[in-house]
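One file, query-v4.txt, carrying compact mmCIF, C-alpha atoms:
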# COMPACT_ATOMS: atom_id res chain seq x y z
CA MET A 1 16.25 -33.04 3.98
CA ASN A 2 19.72 -32.17 5.29
CA ILE A 3 19.21 -29.67 8.14
CA SER A 4 22.84 -28.50 7.93
CA HIS A 5 22.19 -27.53 4.29
CA VAL A 6 19.16 -25.48 5.37
CA ILE A 7 21.17 -23.70 8.05
CA LEU A 8 24.23 -22.98 5.87
CA TYR A 9 22.45 -22.08 2.63
CA ALA A 10 19.22 -20.45 3.85
CA ILE A 11 19.57 -19.25 7.46
CA VAL A 12 23.22 -18.12 7.68
CA PRO A 13 23.10 -15.92 4.52
CA ILE A 14 19.97 -14.20 5.81
CA ILE A 15 21.63 -13.55 9.18
CA VAL A 16 24.77 -12.14 7.53
CA VAL A 17 22.90 -9.80 5.15
CA MET A 18 20.36 -8.75 7.78
CA LEU A 19 23.19 -8.09 10.25
CA ALA A 20 24.90 -5.90 7.64
CA GLY A 21 21.68 -3.90 7.29
CA TYR A 22 21.27 -3.71 11.05
CA ILE A 23 24.83 -2.41 11.58
CA SER A 24 24.47 0.14 8.79
CA GLY A 25 21.26 1.32 10.42
CA LYS A 26 22.84 1.61 13.86
CA LYS A 27 25.79 3.55 12.39
CA GLY A 28 23.43 5.94 10.64
CA ILE A 29 24.58 4.99 7.14
CA PHE A 30 20.95 4.19 6.32
CA THR A 31 17.79 5.21 8.18
CA GLY A 32 14.27 3.89 8.55
CA ASP A 33 13.20 6.19 5.70
CA ASP A 34 15.85 4.59 3.47
CA ALA A 35 14.48 1.16 4.40
CA LYS A 36 11.02 2.24 3.24
CA LYS A 37 12.49 3.25 -0.14
CA PHE A 38 14.31 -0.07 -0.44
CA ASN A 39 11.07 -1.85 0.45
CA LYS A 40 9.26 0.02 -2.31
CA VAL A 41 11.85 -1.15 -4.85
CA VAL A 42 11.35 -4.71 -3.61
CA LEU A 43 7.54 -4.69 -3.56
CA ASP A 44 6.93 -2.62 -6.71
CA TYR A 45 9.72 -3.86 -8.99
CA ALA A 46 12.02 -6.69 -7.88
CA LEU A 47 9.45 -9.06 -6.33
CA PRO A 48 6.80 -8.63 -9.07
CA ALA A 49 9.48 -9.29 -11.71
CA ALA A 50 10.68 -12.40 -9.86
CA LEU A 51 7.14 -13.73 -9.48
CA PHE A 52 6.13 -13.02 -13.08
CA VAL A 53 9.14 -14.51 -14.83
CA SER A 54 9.07 -17.60 -12.59
CA ILE A 55 5.37 -18.34 -13.01
CA VAL A 56 5.23 -17.88 -16.80
CA THR A 57 7.68 -20.77 -17.12
CA ALA A 58 5.17 -23.07 -15.38
CA THR A 59 2.61 -25.28 -17.10
CA ARG A 60 -1.17 -25.61 -16.90
CA GLU A 61 -0.72 -28.96 -15.19
CA MET A 62 1.28 -27.30 -12.42
CA LEU A 63 -1.42 -24.68 -11.91
CA ILE A 64 -4.15 -27.33 -11.67
CA ARG A 65 -2.06 -29.27 -9.15
CA ASP A 66 -1.64 -26.07 -7.11
CA ILE A 67 -5.39 -25.41 -6.69
CA LYS A 68 -5.26 -27.39 -3.45
CA LEU A 69 -2.27 -25.26 -2.38
CA THR A 70 -4.33 -22.11 -3.01
CA VAL A 71 -7.32 -23.28 -0.98
CA ILE A 72 -5.27 -24.57 1.98
CA SER A 73 -3.11 -21.43 2.01
CA THR A 74 -6.15 -19.16 2.06
CA VAL A 75 -8.07 -21.12 4.71
CA GLY A 76 -5.04 -21.80 6.93
CA ILE A 77 -3.51 -18.32 6.90
CA MET A 78 -6.79 -16.45 7.29
CA ALA A 79 -7.91 -18.81 10.08
CA CYS A 80 -4.70 -18.01 11.96
CA PHE A 81 -5.17 -14.31 11.16
CA MET A 82 -8.62 -14.27 12.78
CA ILE A 83 -7.50 -16.42 15.75
CA VAL A 84 -4.74 -13.89 16.51
CA TYR A 85 -7.28 -11.06 16.24
CA PHE A 86 -9.76 -12.66 18.66
CA VAL A 87 -7.04 -13.75 21.12
CA PHE A 88 -5.65 -10.22 21.43
CA ARG A 89 -9.16 -8.72 21.39
CA CYS A 90 -9.94 -10.63 24.60
CA PHE A 91 -7.43 -8.62 26.63
CA LYS A 92 -9.00 -5.68 28.45
CA LYS A 93 -6.23 -3.19 27.67
CA ASN A 94 -6.37 -3.88 23.94
CA THR A 95 -8.74 -2.12 21.57
CA GLY A 96 -10.07 -3.61 18.36
CA ALA A 97 -7.44 -1.58 16.51
CA ASP A 98 -4.68 -3.13 18.66
CA ALA A 99 -6.02 -6.60 17.90
CA ALA A 100 -6.20 -5.80 14.18
CA VAL A 101 -2.53 -4.73 14.15
CA SER A 102 -1.64 -7.90 16.06
CA ALA A 103 -3.36 -9.94 13.35
CA LEU A 104 -1.61 -8.02 10.59
CA ILE A 105 1.72 -8.79 12.28
CA SER A 106 1.45 -12.18 14.01
CA GLY A 107 -1.17 -13.51 11.59
CA SER A 108 0.73 -12.75 8.37
CA PRO A 109 4.08 -14.16 7.15
CA THR A 110 6.57 -11.80 5.51
CA ILE A 111 6.45 -13.75 2.27
CA GLY A 112 7.22 -10.73 0.08
CA PHE A 113 10.50 -9.93 1.79
CA LEU A 114 11.86 -13.34 2.78
CA GLY A 115 9.93 -15.81 0.61
CA PHE A 116 12.47 -16.26 -2.17
CA ALA A 117 15.43 -15.68 0.16
CA VAL A 118 14.42 -18.67 2.30
CA LEU A 119 12.65 -21.04 -0.10
CA GLU A 120 15.04 -20.97 -3.08
CA PRO A 121 18.19 -22.03 -1.18
CA ILE A 122 16.22 -24.91 0.35
CA PHE A 123 14.02 -26.07 -2.54
CA GLY A 124 15.86 -24.68 -5.56
CA THR A 125 14.98 -22.08 -8.19
CA ASN A 126 11.86 -23.38 -9.90
CA PRO A 127 8.28 -22.36 -10.78
CA SER A 128 6.87 -24.26 -7.77
CA VAL A 129 8.69 -21.94 -5.36
CA ALA A 130 7.39 -18.90 -7.23
CA LEU A 131 3.82 -20.20 -7.11
CA VAL A 132 4.00 -20.71 -3.34
CA VAL A 133 5.40 -17.20 -2.86
CA ALA A 134 2.78 -15.75 -5.22
CA ILE A 135 -0.21 -17.54 -3.67
CA VAL A 136 0.75 -16.79 -0.07
CA GLY A 137 1.61 -13.21 -1.08
CA ILE A 138 -1.81 -12.69 -2.65
CA VAL A 139 -3.52 -14.10 0.46
CA VAL A 140 -1.54 -11.78 2.73
CA ASN A 141 -1.79 -8.66 0.56
CA ALA A 142 -5.15 -8.99 -1.18
CA ILE A 143 -7.12 -10.62 1.67
CA GLY A 144 -5.30 -10.19 4.99
CA ILE A 145 -4.41 -6.50 4.73
CA PRO A 146 -7.91 -5.37 3.58
CA VAL A 147 -9.54 -7.42 6.36
CA GLY A 148 -7.10 -5.99 8.93
CA LEU A 149 -7.66 -2.42 7.76
CA SER A 150 -11.44 -2.90 7.85
CA LEU A 151 -11.29 -4.21 11.43
CA MET A 152 -8.98 -1.37 12.44
CA ASN A 153 -11.09 1.37 10.87
CA ALA A 154 -14.25 -0.07 12.44
CA SER A 155 -12.61 0.03 15.88
CA LEU A 156 -11.22 3.56 15.43
CA GLU A 157 -14.61 4.79 14.21
CA LYS A 158 -16.27 3.26 17.26
CA GLN A 159 -13.76 4.92 19.62
CA ASN A 160 -13.88 8.31 17.88
CA PRO A 161 -16.96 8.72 15.69
CA GLY A 162 -16.16 10.74 12.59
CA SER A 163 -12.40 10.14 12.92
CA THR A 164 -12.27 7.96 9.81
CA LYS A 165 -13.73 8.48 6.36
CA LYS A 166 -16.65 6.34 5.28
CA GLU A 167 -15.26 4.26 2.46
CA SER A 168 -16.41 1.27 0.46
CA ALA A 169 -15.45 -2.08 1.97
CA TRP A 170 -14.05 -3.02 -1.43
CA LYS A 171 -11.64 -0.08 -1.60
CA PRO A 172 -8.82 -1.78 0.39
CA VAL A 173 -9.23 -4.93 -1.73
CA LEU A 174 -9.04 -3.00 -5.00
CA HIS A 175 -6.07 -1.02 -3.69
CA ALA A 176 -4.24 -4.25 -2.78
CA LEU A 177 -4.96 -5.83 -6.17
CA ALA A 178 -3.70 -2.68 -7.92
CA GLN A 179 -0.21 -3.20 -6.45
CA PRO A 180 2.36 -4.85 -8.77
CA VAL A 181 3.09 -7.55 -6.18
CA ALA A 182 -0.56 -8.69 -6.55
CA TRP A 183 -1.39 -8.21 -10.23
CA ALA A 184 1.96 -9.42 -11.63
CA PRO A 185 1.52 -13.05 -10.48
CA ILE A 186 -2.17 -12.98 -11.46
CA LEU A 187 -1.18 -11.79 -14.95
CA ALA A 188 1.44 -14.55 -15.12
CA VAL A 189 -1.15 -17.20 -14.20
CA ILE A 190 -3.51 -15.90 -16.90
CA TRP A 191 -0.58 -15.96 -19.35
CA VAL A 192 0.01 -19.66 -18.65
CA VAL A 193 -3.69 -20.61 -18.70
CA VAL A 194 -4.27 -18.87 -22.05
CA GLY A 195 -1.22 -20.64 -23.44
CA ILE A 196 0.76 -17.63 -24.64
CA PRO A 197 4.33 -18.76 -25.40
CA TRP A 198 7.19 -17.39 -23.33
CA PHE A 199 10.55 -17.08 -25.08
CA ASP A 200 13.78 -17.65 -23.16
CA TRP A 201 15.32 -14.43 -24.43
CA LEU A 202 12.62 -12.43 -22.58
CA SER A 203 13.65 -13.69 -19.12
CA PRO A 204 16.99 -11.82 -18.72
CA SER A 205 15.21 -8.45 -18.89
CA PHE A 206 13.19 -9.45 -15.82
CA ASN A 207 15.90 -11.42 -14.04
CA LEU A 208 18.26 -8.46 -13.69
CA ILE A 209 15.93 -6.61 -11.31
CA ALA A 210 14.42 -9.83 -9.92
CA LYS A 211 17.81 -10.96 -8.57
CA ALA A 212 17.89 -7.90 -6.31
CA ASN A 213 14.70 -9.04 -4.56
CA ALA A 214 16.01 -11.32 -1.81
CA SER A 215 19.23 -9.46 -0.96
CA MET A 216 17.65 -6.01 -0.88
CA ALA A 217 14.64 -7.24 1.11
CA VAL A 218 16.80 -8.88 3.79
CA PHE A 219 19.20 -5.93 3.98
CA SER A 220 16.25 -3.56 4.32
CA ALA A 221 14.80 -5.75 7.07
CA GLY A 222 18.03 -5.28 9.03
CA ILE A 223 17.78 -1.51 8.69
CA THR A 224 14.15 -1.63 9.83
CA LEU A 225 15.07 -3.63 12.94
CA ALA A 226 17.81 -1.10 13.75
CA ALA A 227 15.30 1.75 13.53
CA ILE A 228 12.78 0.32 16.00
CA LYS A 229 12.87 0.10 19.79
CA PHE A 230 12.94 -3.48 21.06
CA THR A 231 11.37 -4.26 24.43
CA ILE A 232 10.17 -7.67 25.61
CA ASN A 233 6.70 -7.99 27.10
CA TRP A 234 4.30 -10.90 27.43
CA GLN A 235 2.09 -9.82 24.51
CA ALA A 236 5.12 -9.67 22.21
CA VAL A 237 6.10 -13.17 23.32
CA LEU A 238 2.53 -14.45 22.79
CA GLY A 239 2.42 -12.90 19.31
CA SER A 240 5.69 -14.58 18.39
CA ILE A 241 4.47 -17.97 19.65
CA LEU A 242 1.23 -17.68 17.68
CA LYS A 243 3.16 -16.77 14.54
CA MET A 244 6.06 -19.23 14.74
CA VAL A 245 4.13 -22.20 16.18
CA MET A 246 0.42 -21.95 15.39
CA MET A 247 0.50 -20.95 11.71
CA PRO A 248 2.94 -23.60 10.40
CA ALA A 249 1.20 -26.20 12.60
CA VAL A 250 -2.22 -25.35 11.15
CA LEU A 251 -0.89 -25.45 7.58
CA LEU A 252 0.87 -28.78 8.23
CA ILE A 253 -2.27 -30.36 9.69
CA LEU A 254 -4.46 -29.13 6.82
CA GLY A 255 -1.92 -30.32 4.26
CA ILE A 256 -1.75 -33.79 5.80
CA LEU A 257 -5.55 -34.09 6.15
CA PHE A 258 -6.19 -33.16 2.53
CA HIS A 259 -3.24 -35.11 1.06
CA MET A 260 -1.40 -32.11 -0.28
CA ASP A 261 1.58 -32.58 -2.61
CA PRO A 262 4.57 -33.26 -0.26
CA LEU A 263 6.89 -30.69 -1.85
CA ASN A 264 4.23 -27.99 -1.86
CA LEU A 265 3.39 -28.82 1.75
CA LYS A 266 7.02 -28.46 2.84
CA MET A 267 7.30 -25.09 1.11
CA LEU A 268 3.97 -23.91 2.54
CA VAL A 269 4.91 -24.87 6.11
CA VAL A 270 8.23 -23.02 5.80
CA ALA A 271 6.36 -20.02 4.36
CA GLY A 272 4.00 -20.15 7.34
CA ALA A 273 6.99 -20.22 9.71
CA LEU A 274 8.43 -17.00 8.26
CA PRO A 275 8.60 -13.99 10.60
CA PRO A 276 5.65 -11.56 10.68
CA ALA A 277 4.91 -9.30 7.73
CA PHE A 278 6.70 -5.94 7.86
CA SER A 279 3.61 -4.39 6.27
CA GLY A 280 1.88 -4.77 9.63
CA ILE A 281 4.50 -2.57 11.28
CA ILE A 282 4.16 0.01 8.51
CA ILE A 283 0.40 0.13 9.05
CA ALA A 284 0.82 0.26 12.84
CA ASP A 285 3.19 3.21 12.50
CA GLU A 286 0.86 4.99 10.09
CA TYR A 287 -2.08 4.68 12.51
CA ASN A 288 0.12 5.08 15.62
CA THR A 289 -1.46 1.92 17.04
CA TYR A 290 0.27 -0.89 18.94
CA VAL A 291 3.66 0.12 17.51
CA ALA A 292 5.98 -0.80 20.40
CA THR A 293 4.57 -4.27 21.11
CA GLY A 294 4.14 -5.04 17.41
CA THR A 295 7.74 -4.19 16.55
CA SER A 296 9.00 -6.16 19.56
CA SER A 297 7.01 -9.20 18.45
CA LEU A 298 8.42 -8.88 14.94
CA THR A 299 12.01 -8.61 16.20
CA LEU A 300 11.60 -11.59 18.53
CA SER A 301 10.08 -13.66 15.71
CA VAL A 302 13.01 -12.89 13.39
CA ILE A 303 15.38 -14.21 16.07
CA LEU A 304 13.24 -17.31 16.74
CA PHE A 305 13.02 -18.08 13.01
CA ILE A 306 16.68 -19.14 13.06
CA GLY A 307 15.68 -22.18 15.11
CA PHE A 308 12.09 -22.72 13.99
CA CYS A 309 12.83 -22.92 10.25
CA PRO A 310 14.90 -26.13 10.39
CA LEU A 311 12.63 -27.45 13.16
CA TRP A 312 9.49 -27.18 11.01
CA ILE A 313 11.25 -28.75 8.02
CA TRP A 314 12.19 -31.70 10.24
CA LEU A 315 8.68 -31.96 11.70
CA THR A 316 7.13 -31.85 8.22
CA ASP A 317 9.41 -34.62 6.99
CA MET A 318 8.49 -36.69 10.06
CA ALA A 319 4.76 -36.10 9.51
CA LEU A 320 4.94 -37.01 5.82
CA HIS A 321 6.82 -40.19 6.69
CA MET A 322 4.29 -41.17 9.37
CA PHE A 323 1.21 -40.59 7.19
CA ALA A 324 2.67 -41.75 3.88

What is this file in structure tokens?
Amino acid sequence: MNISHVILYAIVPIIVVMLAGYISGKKGIFTGDDAKKFNKVVLDYALPAALFVSIVTATREMLIRDIKLTVISTVGIMACFMIVYFVFRCFKKNTGADAAVSALISGSPTIGFLGFAVLEPIFGTNPSVALVVAIVGIVVNAIGIPVGLSLMNASLEKQNPGSTKKESAWKPVLHALAQPVAWAPILAVIWVVVGIPWFDWLSPSFNLIAKANASMAVFSAGITLAAIKFTINWQAVLGSILKMVMMPAVLLILGILFHMDPLNLKMLVVAGALPPAFSGIIIADEYNTYVATGTSSLTLSVILFIGFCPLWIWLTDMALHMFA
């Protein structure tokens, strides 16, 4: 794959749009609260529409082929999630809640915000891209976030008994699945499996809002970065290394070992190399836990992604050639 194409068509546009959001945030044109509203439009409307209309154009054969993608994504991402948690839990100054936030940030890719923005310019607009974004998104939102919240609440309850409400362990899972970004792709998969026809004239009604997904998500990310305080410390650097190096490496190794479809593997590795999930920062801010280091790790990872994205594409191509 031509690395210059990746840089010019995937990386540079993201930098330009994110920089526009960052400058507007620094000038006070938009604030962090505005970014949250933009994010809600992305997660509740634009992204679900993009996922749904892309997946319903797939075939049953594609879904069967992507079962291996689903299993490797789940195992690889959640393994990295738990490794990050236990690594940061080992440090004396960190509580279990700190480690849980670290996992939610450095153990989760921001697939909802940057998935389409990065993958489509590189791999084209097709159902395969949408399936990768959907599967990784469901793993992050329907598995990672509930696990992270459960670990965090358990730690906070241990530190301050009675400080958190006793809730069912399934409540975070059900809450995650109730979000449009989770149930829309699931509905689309069911639609394809059942064999309900999808008419071309239905797509434009979804595409109009879906096209706002990537641009609005990246612009909002710039505003978010402008609203947070950035300070470098060794834990932020460690979190960035775990996210940008460990996760794509684990996914690449698993994909090679289990003979994953080469195109799906490339897309999955790039998805794993995406910066940390912004949802982790939102949760950290809500619980007032590990905010400064978490946001610094996120900011550093966004900067590092400029170099790591083409690097991991090159490494994946090399690995596929060696083990072909």

* Structure fact -> Atom pair CA of Pro48 (chain A) + CA of Val181 (chain A), distance 4.8 Å

* **Exercise: Gly272 (chain A) partners within 12 Å, all atoms listed in the file, chain neighbours under 6 positions left out, as number ranges by chain** => A: 72-74, 76-78, 80-81, 106-111, 114-115, 118-119, 132-133, 136-137, 139-140, 242-252, 265-266, 305, 308-309, 312-313

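For the residues A:Ala20, A:Ile283, A:Leu131, A:Ile232, ranking by smallest atom-to-atom distance to Gly148 (chain A) using all atoms listed in the file places A:Ile283 first.
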
* **Å distance separating CA of Val192 (chain A) from CA of Ala178 (chain A), one decimal place** =>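 Value for the CA of Val192 (chain A)-CA of Ala178 (chain A) distance: 20.4 Å.
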
Give me the residues near Ser155 (chain A) as an mmCIF file with C-alpha atoms, in the frame of the given file, where near means some atom within 6 Å (using only C-alpha atoms) and where sequence neighbours in that chain fewer than 2 positions away do not count.
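And here is the file that came out, selection-v4.cif:
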data_model
loop_
_atom_site.group_PDB
_atom_site.id
_atom_site.type_symbol
_atom_site.label_atom_id
_atom_site.label_comp_id
_atom_site.auth_asym_id
_atom_site.auth_seq_id
_atom_site.Cartn_x
_atom_site.Cartn_y
_atom_site.Cartn_z
ATOM 1 C CA GLY A 96 -10.070 -3.610 18.360
ATOM 2 C CA ALA A 97 -7.440 -1.580 16.510
ATOM 3 C CA MET A 152 -8.980 -1.370 12.440
ATOM 4 C CA ASN A 153 -11.090 1.370 10.870
ATOM 5 C CA GLU A 157 -14.610 4.790 14.210
ATOM 6 C CA LYS A 158 -16.270 3.260 17.260
#

* In file coordinates, which residues lie within 7 Å of (6.1, -14.2, -8.0) using all atoms listed in the file, given as a PyMOL selection string? -> chain A and resi 47-48+50-52+54-55+130-131+133-134+185

* To do: Please measure the separation of CA of Ala284 (chain A) and CA of Ser296 (chain A), giving the value in Å to one decimal.
  =>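 Distance between the two atoms: 12.4 Å.
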
* Which residue gives the smallest distance to Val189 (chain A) among A:Val84, A:Ile253, A:Thr59, A:Ala142, with all atoms listed in the file counted? ->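 Of the candidates, the smallest distance to Val189 (chain A) is held by A:Thr59.
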